[in-house]
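K.L.:
This is query_29.csv (CSV, C-alpha atoms and all ligand atoms).
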chain,number,residue,atom,x,y,z
R,582,MET,CA,36.4,7.4,-56.8
R,583,LEU,CA,36.8,4.4,-54.6
R,584,SER,CA,35.4,4.5,-51.1
R,585,SER,CA,38.9,4.1,-49.7
R,586,GLU,CA,40.0,7.3,-51.4
R,587,ARG,CA,36.9,9.1,-50.0
R,588,THR,CA,37.4,8.1,-46.4
R,589,GLY,CA,41.1,7.0,-46.2
R,590,PRO,CA,42.0,3.4,-45.5
R,591,ARG,CA,39.4,1.5,-43.5
R,592,ALA,CA,40.4,0.1,-40.2
R,593,SER,CA,40.2,-3.4,-41.5
R,594,ASP,CA,42.7,-2.7,-44.2
R,595,GLN,CA,45.4,-1.5,-41.7
R,596,PRO,CA,47.9,-3.7,-40.0
R,597,ILE,CA,46.8,-4.5,-36.5
R,598,PRO,CA,49.3,-2.3,-34.6
R,599,ALA,CA,48.3,0.7,-36.8
R,600,VAL,CA,44.6,0.1,-35.8
R,601,MET,CA,45.6,-0.1,-32.2
R,602,ALA,CA,47.5,3.1,-32.4
R,603,THR,CA,44.5,4.8,-34.0
R,604,MET,CA,42.3,3.5,-31.3
R,605,ALA,CA,44.7,4.8,-28.6
R,606,THR,CA,44.3,8.3,-30.0
R,607,MET,CA,40.5,8.1,-30.1
R,608,PRO,CA,38.6,10.0,-27.5
R,609,ALA,CA,37.0,7.9,-24.8
R,610,VAL,CA,33.5,7.0,-25.7
R,611,ASN,CA,31.0,8.8,-23.5
R,612,PRO,CA,28.3,6.3,-22.7
R,613,ARG,CA,25.6,9.0,-22.7
R,614,ARG,CA,26.5,9.7,-26.4
R,615,ARG,CA,24.3,6.8,-27.5
R,616,GLN,CA,21.2,8.4,-26.1
R,617,ARG,CA,19.1,10.4,-28.4
R,618,ARG,CA,16.0,12.5,-27.9
R,619,CYS,CA,12.9,12.5,-29.9
R,620,GLY,CA,13.4,15.3,-32.5
R,621,GLU,CA,17.0,14.4,-33.1
R,622,ARG,CA,18.2,12.5,-36.1
R,623,GLY,CA,20.7,9.7,-35.9
R,624,ARG,CA,23.1,9.3,-33.0
R,625,PRO,CA,23.4,12.2,-30.7
R,626,GLY,CA,26.4,14.3,-31.5
R,627,ARG,CA,26.1,13.4,-35.2
R,628,ASN,CA,24.3,15.4,-37.9
R,629,ALA,CA,23.0,17.9,-35.4
R,630,GLY,CA,20.9,20.4,-37.0
R,631,ASN,CA,17.4,21.2,-38.2
R,632,VAL,CA,16.3,17.7,-38.9
R,633,GLY,CA,13.8,16.0,-36.8
R,634,HIS,CA,13.8,12.4,-35.7
R,635,GLY,CA,13.6,9.8,-38.4
R,636,GLY,CA,15.0,12.3,-40.9
R,637,LEU,CA,11.9,14.5,-40.5
R,638,PRO,CA,12.7,18.2,-40.8
R,639,SER,CA,11.6,20.0,-37.7
R,640,GLY,CA,7.9,20.9,-38.2
R,641,PHE,CA,7.4,18.0,-40.6
R,642,PRO,CA,3.7,17.4,-40.0
R,643,SER,CA,2.4,14.0,-39.0
R,644,LEU,CA,-0.2,13.0,-41.5
R,645,PRO,CA,-3.7,14.3,-40.8
R,646,ALA,CA,-5.5,12.5,-38.1
R,647,PRO,CA,-8.2,10.4,-39.6
R,648,ASP,CA,-11.8,11.4,-39.2
R,649,ALA,CA,-14.1,8.9,-37.5
R,650,GLU,CA,-15.3,7.4,-40.8
R,651,ARG,CA,-11.8,6.7,-42.1
R,652,ASN,CA,-10.3,5.6,-38.9
R,653,GLY,CA,-11.4,2.0,-39.2
R,654,PRO,CA,-10.6,-0.6,-36.7
R,655,ALA,CA,-8.1,0.5,-34.0
R,656,ARG,CA,-5.5,-2.0,-35.2
R,657,TYR,CA,-5.3,-0.3,-38.6
R,658,PRO,CA,-4.6,3.3,-37.6
R,659,GLY,CA,-5.4,5.5,-40.5
R,660,ARG,CA,-2.4,7.7,-40.1
R,661,VAL,CA,1.3,7.6,-39.6
R,662,PRO,CA,1.5,8.2,-35.8
R,663,ASN,CA,3.7,11.1,-34.8
R,664,HIS,CA,6.2,8.9,-33.2
R,665,CYS,CA,9.9,8.8,-32.9
R,666,ARG,CA,11.1,5.9,-35.0
R,667,THR,CA,11.9,4.8,-38.5
R,668,LEU,CA,8.7,4.1,-40.3
R,669,VAL,CA,8.0,0.8,-42.0
R,670,MET,CA,6.4,0.8,-45.5
R,671,GLY,CA,5.0,-2.6,-46.4
R,672,ILE,CA,5.3,-3.7,-50.0
R,673,LEU,CA,2.1,-4.8,-51.8
R,674,ASN,CA,2.8,-5.5,-55.5
R,675,VAL,CA,-0.4,-6.1,-57.5
R,676,THR,CA,1.7,-7.2,-60.4
R,677,ALA,CA,2.4,-10.4,-62.4
R,678,ASP,CA,6.2,-10.1,-62.3
R,679,SER,CA,7.7,-8.3,-59.3
R,680,PHE,CA,10.9,-10.2,-58.3
R,681,SER,CA,9.7,-11.3,-54.8
R,682,ASP,CA,5.9,-11.2,-54.7
R,683,GLY,CA,5.0,-11.1,-58.4
R,684,GLY,CA,1.7,-12.9,-59.3
R,685,ARG,CA,0.7,-13.5,-55.7
R,686,PHE,CA,-1.6,-10.6,-55.3
R,687,LEU,CA,-3.0,-9.9,-58.8
R,688,ASP,CA,-6.4,-10.7,-57.5
R,689,ALA,CA,-7.8,-7.6,-55.7
R,690,ASP,CA,-9.2,-9.6,-52.8
R,691,ALA,CA,-5.9,-11.4,-52.2
R,692,ALA,CA,-4.1,-8.0,-52.5
R,693,VAL,CA,-6.4,-6.4,-49.9
R,694,THR,CA,-6.1,-9.3,-47.5
R,695,HIS,CA,-2.3,-9.1,-47.8
R,696,GLY,CA,-2.4,-5.3,-47.3
R,697,LEU,CA,-4.4,-5.7,-44.1
R,698,ARG,CA,-2.0,-8.4,-42.9
R,699,LEU,CA,0.9,-6.0,-43.5
R,700,ALA,CA,-1.0,-3.3,-41.6
R,701,ALA,CA,-1.8,-5.7,-38.7
R,702,GLU,CA,1.9,-6.7,-38.6
R,703,GLY,CA,2.8,-3.0,-38.1
R,704,ALA,CA,3.2,-1.4,-41.4
R,705,ASP,CA,2.9,2.4,-41.0
R,706,ILE,CA,2.2,2.7,-44.7
R,707,VAL,CA,1.2,0.0,-47.3
R,708,ASP,CA,2.8,0.7,-50.6
R,709,VAL,CA,0.6,-0.5,-53.5
R,710,GLY,CA,2.2,-0.9,-56.9
R,711,GLY,CA,0.6,-2.0,-60.1
R,712,GLU,CA,3.7,-2.1,-62.3
R,713,SER,CA,6.8,-4.1,-61.7
R,714,THR,CA,10.1,-2.1,-61.8
R,715,ARG,CA,12.5,-5.1,-61.6
R,716,PRO,CA,15.3,-4.9,-64.1
R,717,GLY,CA,14.1,-6.0,-67.5
R,718,ALA,CA,10.4,-5.6,-66.7
R,719,GLU,CA,8.1,-4.3,-69.5
R,720,ARG,CA,5.7,-1.5,-68.8
R,721,VAL,CA,2.0,-2.2,-68.4
R,722,ASP,CA,-0.7,0.1,-69.9
R,723,ALA,CA,-2.0,2.9,-67.8
R,724,ASP,CA,-5.5,1.3,-67.7
R,725,VAL,CA,-4.1,-2.0,-66.5
R,726,GLU,CA,-2.2,-0.2,-63.8
R,727,LEU,CA,-5.3,1.8,-62.7
R,728,ALA,CA,-7.5,-1.3,-62.6
R,729,ARG,CA,-4.9,-3.0,-60.4
R,730,VAL,CA,-4.2,-0.2,-58.0
R,731,VAL,CA,-7.4,1.9,-57.4
R,732,PRO,CA,-9.7,-0.7,-56.0
R,733,VAL,CA,-7.0,-2.0,-53.6
R,734,VAL,CA,-6.2,1.5,-52.5
R,735,ARG,CA,-9.9,2.3,-51.9
R,736,ALA,CA,-10.4,-0.9,-49.9
R,737,LEU,CA,-7.4,-0.4,-47.7
R,738,VAL,CA,-8.2,3.2,-47.0
R,739,ALA,CA,-11.7,2.2,-46.0
R,740,HIS,CA,-10.1,0.0,-43.4
R,741,GLY,CA,-8.1,2.9,-42.1
R,742,VAL,CA,-4.8,1.9,-43.6
R,743,GLN,CA,-2.3,4.6,-44.7
R,744,VAL,CA,-1.5,4.0,-48.3
R,745,SER,CA,1.2,5.0,-50.7
R,746,VAL,CA,1.0,4.2,-54.4
R,747,ASP,CA,4.1,3.2,-56.3
R,748,THR,CA,3.6,4.7,-59.7
R,749,MET,CA,5.5,6.7,-62.4
R,750,ARG,CA,2.3,8.0,-64.0
R,751,ALA,CA,0.5,11.2,-63.1
R,752,GLU,CA,-2.8,9.8,-64.2
R,753,VAL,CA,-2.4,6.9,-61.7
R,754,ALA,CA,-1.2,9.2,-59.0
R,755,ALA,CA,-4.2,11.5,-59.4
R,756,ALA,CA,-6.6,8.5,-59.3
R,757,ALA,CA,-4.8,7.0,-56.3
R,758,ALA,CA,-5.0,10.3,-54.3
R,759,GLU,CA,-8.6,10.5,-55.2
R,760,ALA,CA,-9.1,7.0,-53.8
R,761,GLY,CA,-7.5,8.0,-50.6
R,762,ALA,CA,-3.7,7.4,-51.0
R,763,SER,CA,-1.7,9.7,-48.8
R,764,TRP,CA,1.6,9.3,-50.6
R,765,ILE,CA,2.8,8.9,-54.2
R,766,ASN,CA,6.0,6.8,-54.4
R,767,ASP,CA,7.5,7.6,-57.8
R,768,VAL,CA,10.6,5.6,-58.5
R,769,SER,CA,11.4,8.0,-61.4
R,770,GLY,CA,11.4,11.1,-59.2
R,771,GLY,CA,9.2,12.8,-61.8
R,772,LEU,CA,11.3,12.0,-64.8
R,773,ALA,CA,9.0,9.4,-66.3
R,774,ASP,CA,6.0,11.6,-66.6
R,775,PRO,CA,6.3,15.4,-67.1
R,776,ALA,CA,2.9,15.9,-65.5
R,777,MET,CA,3.8,14.0,-62.3
R,778,LEU,CA,5.2,16.7,-60.0
R,779,SER,CA,2.4,19.3,-60.7
R,780,THR,CA,-0.2,16.6,-60.4
R,781,VAL,CA,1.1,15.6,-57.0
R,782,ALA,CA,1.4,19.2,-55.9
R,783,LYS,CA,-2.3,19.7,-56.7
R,784,THR,CA,-3.4,16.6,-54.8
R,785,GLY,CA,-1.5,17.6,-51.7
R,786,ALA,CA,-0.3,14.1,-51.2
R,787,GLY,CA,3.2,13.4,-49.8
R,788,TYR,CA,5.8,12.6,-52.5
R,789,ILE,CA,8.7,10.1,-52.5
R,790,ALA,CA,11.2,10.9,-55.2
R,791,MET,CA,13.6,8.1,-55.9
R,792,HIS,CA,16.9,8.3,-57.9
R,793,TRP,CA,16.3,6.9,-61.3
R,794,ARG,CA,17.8,7.0,-64.8
R,795,ALA,CA,15.7,4.9,-67.2
R,796,HIS,CA,12.9,2.4,-67.4
R,797,SER,CA,13.5,-1.1,-66.3
R,798,THR,CA,14.1,-2.6,-69.8
R,799,THR,CA,17.3,-0.5,-70.2
R,800,MET,CA,18.2,0.8,-66.7
R,801,GLN,CA,21.2,-1.4,-66.2
R,802,GLN,CA,22.8,0.1,-69.3
R,803,HIS,CA,22.7,3.4,-67.4
R,804,ALA,CA,24.7,2.0,-64.4
R,805,VAL,CA,27.7,4.2,-65.4
R,806,TYR,CA,28.9,6.8,-63.0
R,807,ALA,CA,31.9,9.1,-62.7
R,808,ASP,CA,31.3,8.8,-59.0
R,809,VAL,CA,28.2,7.0,-57.9
R,810,VAL,CA,27.8,9.0,-54.6
R,811,ASP,CA,28.3,12.4,-56.1
R,812,ASP,CA,26.3,11.6,-59.2
R,813,VAL,CA,23.3,10.2,-57.3
R,814,ALA,CA,23.3,13.0,-54.8
R,815,ARG,CA,23.5,15.6,-57.5
R,816,GLU,CA,20.8,14.0,-59.7
R,817,LEU,CA,18.5,13.4,-56.7
R,818,GLY,CA,19.1,17.0,-55.6
R,819,GLU,CA,17.8,18.1,-59.0
R,820,ARG,CA,14.7,16.0,-58.5
R,821,ARG,CA,14.2,17.6,-55.0
R,822,ASP,CA,14.5,21.1,-56.6
R,823,ALA,CA,12.1,20.2,-59.4
R,824,ALA,CA,9.5,18.8,-56.9
R,825,LEU,CA,9.8,21.9,-54.7
R,826,ALA,CA,9.5,24.2,-57.8
R,827,ALA,CA,6.3,22.4,-58.8
R,828,GLY,CA,4.8,23.2,-55.5
R,829,ILE,CA,5.2,20.0,-53.6
R,830,ASP,CA,5.2,20.7,-49.8
R,831,PRO,CA,8.8,20.5,-48.6
R,832,GLY,CA,7.4,19.0,-45.4
R,833,ARG,CA,6.1,16.1,-47.3
R,834,LEU,CA,8.9,15.4,-49.7
R,835,VAL,CA,11.0,12.2,-49.1
R,836,LEU,CA,14.1,11.2,-51.1
R,837,ASP,CA,15.3,7.7,-51.8
R,838,PRO,CA,18.7,6.7,-53.3
R,839,GLY,CA,17.1,4.0,-55.5
R,840,VAL,CA,19.1,1.0,-54.5
R,841,GLY,CA,19.3,-1.4,-57.4
R,842,PHE,CA,18.0,1.1,-60.0
R,843,ALA,CA,20.6,1.7,-62.7
R,844,LYS,CA,23.2,0.5,-60.2
R,845,THR,CA,25.5,-2.5,-59.9
R,846,ALA,CA,25.9,-4.3,-56.5
R,847,ASP,CA,29.1,-2.3,-56.0
R,848,HIS,CA,27.3,1.0,-56.7
R,849,ASN,CA,24.7,0.0,-54.1
R,850,TRP,CA,27.2,-0.7,-51.5
R,851,GLU,CA,29.2,2.4,-52.1
R,852,LEU,CA,26.0,4.5,-52.0
R,853,LEU,CA,25.0,3.0,-48.7
R,854,GLN,CA,28.5,3.5,-47.3
R,855,HIS,CA,28.2,7.2,-48.1
R,856,LEU,CA,24.5,7.7,-47.6
R,857,ASP,CA,25.3,11.0,-45.8
R,858,ALA,CA,25.6,12.6,-49.2
R,859,VAL,CA,21.9,11.9,-49.8
R,860,GLU,CA,20.9,12.8,-46.2
R,861,ALA,CA,22.7,16.1,-46.8
R,862,LEU,CA,20.0,17.0,-49.4
R,863,GLY,CA,18.0,18.0,-46.3
R,864,GLN,CA,14.9,15.9,-46.8
R,865,PRO,CA,13.8,12.7,-45.0
R,866,VAL,CA,15.3,9.5,-46.6
R,867,LEU,CA,13.5,6.3,-47.4
R,868,LEU,CA,15.6,3.1,-48.0
R,869,GLY,CA,14.4,0.3,-50.3
R,870,VAL,CA,16.7,-2.7,-50.0
R,871,SER,CA,14.3,-5.4,-49.1
R,872,ARG,CA,15.3,-8.8,-50.6
R,873,LYS,CA,17.2,-7.1,-53.4
R,874,ARG,CA,19.6,-8.8,-55.7
R,875,PHE,CA,22.7,-7.3,-54.3
R,876,LEU,CA,21.9,-9.0,-51.0
R,877,GLY,CA,21.4,-12.3,-52.9
R,878,GLU,CA,24.7,-11.9,-54.6
R,879,LEU,CA,26.5,-11.1,-51.3
R,880,LEU,CA,25.1,-14.4,-49.8
R,881,ALA,CA,25.6,-16.5,-53.0
R,882,ASP,CA,26.9,-20.0,-52.6
R,883,ALA,CA,27.6,-22.9,-55.1
R,884,ASP,CA,23.9,-22.9,-56.1
R,885,GLY,CA,24.1,-19.2,-57.1
R,886,PRO,CA,22.6,-16.1,-55.5
R,887,ARG,CA,20.5,-16.6,-52.4
R,888,PRO,CA,16.8,-16.6,-53.5
R,889,PRO,CA,14.7,-13.5,-52.6
R,890,ALA,CA,12.6,-15.2,-49.8
R,891,ASP,CA,15.8,-16.1,-47.9
R,892,ARG,CA,17.2,-12.6,-47.9
R,893,ASP,CA,15.3,-11.2,-44.9
R,894,ALA,CA,18.1,-11.5,-42.3
R,895,ALA,CA,20.3,-9.5,-44.6
R,896,THR,CA,17.5,-7.0,-45.1
R,897,THR,CA,17.1,-6.7,-41.4
R,898,ALA,CA,20.8,-5.9,-41.0
R,899,LEU,CA,20.3,-2.8,-43.1
R,900,THR,CA,17.1,-1.9,-41.3
R,901,VAL,CA,19.0,-1.9,-38.0
R,902,TRP,CA,21.5,0.4,-39.6
R,903,ALA,CA,18.8,2.6,-41.1
R,904,ALA,CA,17.0,2.9,-37.7
R,905,GLU,CA,20.3,3.6,-36.0
R,906,ARG,CA,21.0,6.6,-38.2
R,907,GLY,CA,17.4,7.8,-38.0
R,908,LEU,CA,16.3,7.4,-41.5
R,909,TRP,CA,12.6,8.3,-42.2
R,910,GLY,CA,11.6,4.8,-43.4
R,911,VAL,CA,12.3,1.5,-44.9
R,912,ARG,CA,10.3,-0.2,-47.6
R,913,THR,CA,10.0,-3.9,-47.0
R,914,HIS,CA,8.3,-7.2,-47.7
R,915,ASP,CA,8.9,-8.5,-44.2
R,916,VAL,CA,7.0,-6.0,-42.0
R,917,ARG,CA,7.1,-7.8,-38.7
R,918,GLY,CA,10.8,-8.5,-38.8
R,919,GLN,CA,11.7,-4.9,-39.6
R,920,ARG,CA,9.3,-3.6,-36.9
R,921,ASP,CA,10.9,-5.9,-34.4
R,922,ALA,CA,14.4,-4.8,-35.4
R,923,ILE,CA,13.4,-1.1,-35.2
R,924,ALA,CA,11.8,-1.7,-31.8
R,925,VAL,CA,15.1,-3.1,-30.5
R,926,ILE,CA,17.1,-0.1,-31.7
R,927,GLU,CA,14.5,2.4,-30.3
R,928,ARG,CA,14.7,0.7,-26.9
R,929,LEU,CA,18.5,0.7,-27.0
R,930,TYR,CA,18.7,4.4,-27.7
R,931,SER,CA,15.9,5.4,-25.3
R,1001,LIG,N1,12.1,-0.6,-55.2
R,1001,LIG,C1,11.2,-1.2,-55.9
R,1001,LIG,C2,9.9,-0.7,-56.2
R,1001,LIG,N2,9.6,0.5,-55.7
R,1001,LIG,N3,10.2,2.4,-54.4
R,1001,LIG,C3,11.1,3.1,-53.6
R,1001,LIG,N4,10.8,4.3,-53.1
R,1001,LIG,N5,12.3,2.6,-53.4
R,1001,LIG,C4,12.7,1.4,-53.8
R,1001,LIG,O1,13.9,1.0,-53.6
R,1001,LIG,C5,11.8,0.6,-54.7
R,1001,LIG,C6,10.5,1.2,-54.9
R,1001,LIG,C7,11.5,-2.6,-56.4
R,1001,LIG,O2,11.2,-3.6,-55.5
R,1001,LIG,P1,9.9,-4.5,-55.5
R,1001,LIG,O3,9.8,-5.2,-56.8
R,1001,LIG,O4,10.0,-5.4,-54.4
R,1001,LIG,O5,8.7,-3.6,-55.3
Once you've parsed the file, please lay out its structure as structure tokens.
P.N.:
Amino acid sequence: MLSSERTGPRASDQPIPAVMATMATMPAVNPRRRQRRCGERGRPGRNAGNVGHGGLPSGFPSLPAPDAERNGPARYPGRVPNHCRTLVMGILNVTADSFSDGGRFLDADAAVTHGLRLAAEGADIVDVGGESTRPGAERVDADVELARVVPVVRALVAHGVQVSVDTMRAEVAAAAAEAGASWINDVSGGLADPAMLSTVAKTGAGYIAMHWRAHSTTMQQHAVYADVVDDVARELGERRDAALAAGIDPGRLVLDPGVGFAKTADHNWELLQHLDAVEALGQPVLLGVSRKRFLGELLADADGPRPPADRDAATTALTVWAAERGLWGVRTHDVRGQRDAIAVIERLYS
């Protein structure tokens, strides 16, 4: 189904007089409508219901307050504060081949230094990954992934940083939780490792389940949908149900549409245009669009797609949109820029 069939013709497709006629019949905008209260999700008047600010269901617990030992320096608060804004998850890839930062932080000291910088810039969570998931990437062995991730998690946690670990392996998730990670970010939503969901449930860590169809070497062959919005929402709903059935706390379960995973650029855009289908699954939503290829393609010129390092402004545009609709979080390389953008939106709606 095309998005125009789903929503009717867009305003920009209509002849100008038709647009003006439509506008004339629209109710006058109430200036107070743009205000929202803490505890509401998205713009006031939209999506009213049992969902807290930032896509948190009401009663969604803030992470446990750190004890004195784990608190660390004040500028690295060891918890996600119980605040009213979209969270920023800073990306720390301890990999050789991630598309934007591959090879830069393979050394543990360099990785920890960068993780602390992300925290100092305002990352609420630092997402440590030891295996690249860019299209075409080969898997690394579990022992390599463990050796990359665990020391970095331990060091960041010792500094009071809130850490998630980007892994598809239950074994790595268990070791990461043991080392102090508070979240497991599983791009496969539990599909890559049958032990993942029960393992996470046992650790009590929060769980981020992303929409996924296949490993990186073949995933783009799976970018075939009857209707990308309906199919992703249904498949992600199945992952939600599996996570809950395994005993993962519904208050600490976050869903992610998996932008760029088994999806073409058009699929990504259509999914974003209809993200309400994912929000309707009733869990907080994380968005991972930072510097991704579909943004490079959008901004391509005669030299080809815009390189990853020059995609931050486009990334920020989507962060603004995410903050405006009250998503739970954004996963990003550029922490400071996204925090600044979110601060502006928060002030505007305050
Ligand atoms: N994207 C990547 C890796 N991990 N995790 C979640 N939850 N969502 C994403 O969109 C996502 C992810 C790939 O990007 P990277 O190579 O920059 O880490």
K.L.:
I'd like to know which of R:Val901, R:Leu853, R:Leu817, R:Val925 is closest to Met791 in chain R, using all atoms listed in the file.
P.N.:
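Closest residue, counting all atoms listed in the file: R:Leu817.
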K.L.:
Taking only residues of chain R that have an atom at most 9 Å from an atom of ligand LIG 1001 (chain R), what is each one's shortest atom pair and its distance in Å to one decimal, using only C-alpha atoms and all ligand atoms, in chain and number order, as a Markdown table?
P.N.:
| residue | atom | partner | partner_atom | distance |
| --- | --- | --- | --- | --- |
| R:Ile672 | CA | R:LIG1001 | O5 | 6.3 |
| R:Leu673 | CA | R:LIG1001 | O5 | 7.6 |
| R:Asn674 | CA | R:LIG1001 | O5 | 6.2 |
| R:Asp678 | CA | R:LIG1001 | O3 | 8.2 |
| R:Ser679 | CA | R:LIG1001 | O3 | 4.5 |
| R:Phe680 | CA | R:LIG1001 | O3 | 5.3 |
| R:Ser681 | CA | R:LIG1001 | O4 | 5.9 |
| R:Asp682 | CA | R:LIG1001 | O4 | 7.1 |
| R:Gly683 | CA | R:LIG1001 | O3 | 7.8 |
| R:Asp708 | CA | R:LIG1001 | N3 | 8.5 |
| R:Val709 | CA | R:LIG1001 | O5 | 8.9 |
| R:Gly710 | CA | R:LIG1001 | O5 | 7.2 |
| R:Glu712 | CA | R:LIG1001 | O5 | 8.7 |
| R:Ser713 | CA | R:LIG1001 | O3 | 5.8 |
| R:Thr714 | CA | R:LIG1001 | C7 | 5.6 |
| R:Arg715 | CA | R:LIG1001 | O3 | 5.5 |
| R:Pro716 | CA | R:LIG1001 | C7 | 8.9 |
| R:Asp747 | CA | R:LIG1001 | N2 | 6.2 |
| R:Thr748 | CA | R:LIG1001 | N2 | 8.3 |
| R:Asn766 | CA | R:LIG1001 | N4 | 5.6 |
| R:Asp767 | CA | R:LIG1001 | N4 | 6.6 |
| R:Val768 | CA | R:LIG1001 | N3 | 5.2 |
| R:Ile789 | CA | R:LIG1001 | N4 | 6.2 |
| R:Ala790 | CA | R:LIG1001 | N4 | 6.9 |
| R:Met791 | CA | R:LIG1001 | N4 | 5.5 |
| R:His792 | CA | R:LIG1001 | N5 | 8.6 |
| R:Val835 | CA | R:LIG1001 | N4 | 8.9 |
| R:Leu836 | CA | R:LIG1001 | N4 | 7.9 |
| R:Asp837 | CA | R:LIG1001 | N4 | 5.8 |
| R:Pro838 | CA | R:LIG1001 | O1 | 7.5 |
| R:Gly839 | CA | R:LIG1001 | O1 | 4.8 |
| R:Val840 | CA | R:LIG1001 | O1 | 5.3 |
| R:Gly841 | CA | R:LIG1001 | O1 | 7.0 |
| R:Phe842 | CA | R:LIG1001 | O1 | 7.6 |
| R:Leu867 | CA | R:LIG1001 | N4 | 6.6 |
| R:Leu868 | CA | R:LIG1001 | O1 | 6.2 |
| R:Gly869 | CA | R:LIG1001 | O1 | 3.4 |
| R:Val870 | CA | R:LIG1001 | O1 | 5.9 |
| R:Ser871 | CA | R:LIG1001 | O4 | 6.8 |
| R:Arg872 | CA | R:LIG1001 | O4 | 7.4 |
| R:Lys873 | CA | R:LIG1001 | O2 | 7.3 |
| R:Val911 | CA | R:LIG1001 | N5 | 8.6 |
| R:Arg912 | CA | R:LIG1001 | N5 | 6.7 |
| R:Thr913 | CA | R:LIG1001 | O4 | 7.6 |
| R:His914 | CA | R:LIG1001 | O4 | 7.1 |
K.L.:
Report the distance between CA of Asp688 in chain R and CA of Val730 in chain R in Å, rounded to one decimal place.
P.N.:
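Taking CA of Asp688 in chain R and CA of Val730 in chain R, their separation equals 10.7 Å.
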K.L.:
Suppose you want the space between CA of Arg685 in chain R and CA of Gly918 in chain R; what is it in Å?
P.N.:
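Result for CA of Arg685 in chain R versus CA of Gly918 in chain R: 20.3 Å, one decimal.
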K.L.:
Calculate how many Å separate CA of His855 in chain R from CA of Val810 in chain R, rounding to one decimal.
P.N.:
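Computed distance, CA of His855 in chain R to CA of Val810 in chain R, equals 6.8 Å.
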K.L.:
Restricting the calculation to only C-alpha atoms, which member of R:Tyr788, R:Trp793, R:Trp902, R:Phe875 is positioned closest to Val813 in chain R?
P.N.:
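Looking at the shortest contact to Val813 in chain R, the residue is R:Trp793.
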K.L.:
With all atoms listed in the file as the counted atoms, please give the residues lying no more than 12 Å from range 773-784 of chain R, apart from itself and same-chain residues fewer than 2 positions off, as a compact mmCIF listing (two decimals) with C-alpha atoms, in the coordinates of the input.
P.N.:
# COMPACT_ATOMS: atom_id res chain seq x y z
CA ARG R 720 5.70 -1.50 -68.80
CA ALA R 723 -2.00 2.90 -67.80
CA VAL R 746 1.00 4.20 -54.40
CA THR R 748 3.60 4.70 -59.70
CA MET R 749 5.50 6.70 -62.40
CA ARG R 750 2.30 8.00 -64.00
CA ALA R 751 0.50 11.20 -63.10
CA GLU R 752 -2.80 9.80 -64.20
CA VAL R 753 -2.40 6.90 -61.70
CA ALA R 754 -1.20 9.20 -59.00
CA ALA R 755 -4.20 11.50 -59.40
CA ALA R 756 -6.60 8.50 -59.30
CA ALA R 757 -4.80 7.00 -56.30
CA ALA R 758 -5.00 10.30 -54.30
CA GLU R 759 -8.60 10.50 -55.20
CA ALA R 760 -9.10 7.00 -53.80
CA GLY R 761 -7.50 8.00 -50.60
CA ALA R 762 -3.70 7.40 -51.00
CA SER R 763 -1.70 9.70 -48.80
CA TRP R 764 1.60 9.30 -50.60
CA ILE R 765 2.80 8.90 -54.20
CA ASN R 766 6.00 6.80 -54.40
CA ASP R 767 7.50 7.60 -57.80
CA VAL R 768 10.60 5.60 -58.50
CA SER R 769 11.40 8.00 -61.40
CA GLY R 770 11.40 11.10 -59.20
CA GLY R 771 9.20 12.80 -61.80
CA ALA R 786 -0.30 14.10 -51.20
CA GLY R 787 3.20 13.40 -49.80
CA TYR R 788 5.80 12.60 -52.50
CA ILE R 789 8.70 10.10 -52.50
CA ALA R 790 11.20 10.90 -55.20
CA MET R 791 13.60 8.10 -55.90
CA HIS R 792 16.90 8.30 -57.90
CA TRP R 793 16.30 6.90 -61.30
CA ARG R 794 17.80 7.00 -64.80
CA ALA R 795 15.70 4.90 -67.20
CA HIS R 796 12.90 2.40 -67.40
CA SER R 797 13.50 -1.10 -66.30
CA ARG R 820 14.70 16.00 -58.50
CA ARG R 821 14.20 17.60 -55.00
CA ASP R 822 14.50 21.10 -56.60
CA ALA R 823 12.10 20.20 -59.40
CA ALA R 824 9.50 18.80 -56.90
CA LEU R 825 9.80 21.90 -54.70
CA ALA R 826 9.50 24.20 -57.80
CA ALA R 827 6.30 22.40 -58.80
CA GLY R 828 4.80 23.20 -55.50
CA ILE R 829 5.20 20.00 -53.60
CA ASP R 830 5.20 20.70 -49.80
CA PRO R 831 8.80 20.50 -48.60
CA ARG R 833 6.10 16.10 -47.30
CA LEU R 834 8.90 15.40 -49.70
K.L.:
Using all atoms listed in the file, pick whichever of R:Gly696, R:Thr845, R:Ala677, R:Gly741 has the shortest atom-to-atom distance to Ala718 in chain R.
P.N.:
R:Ala677
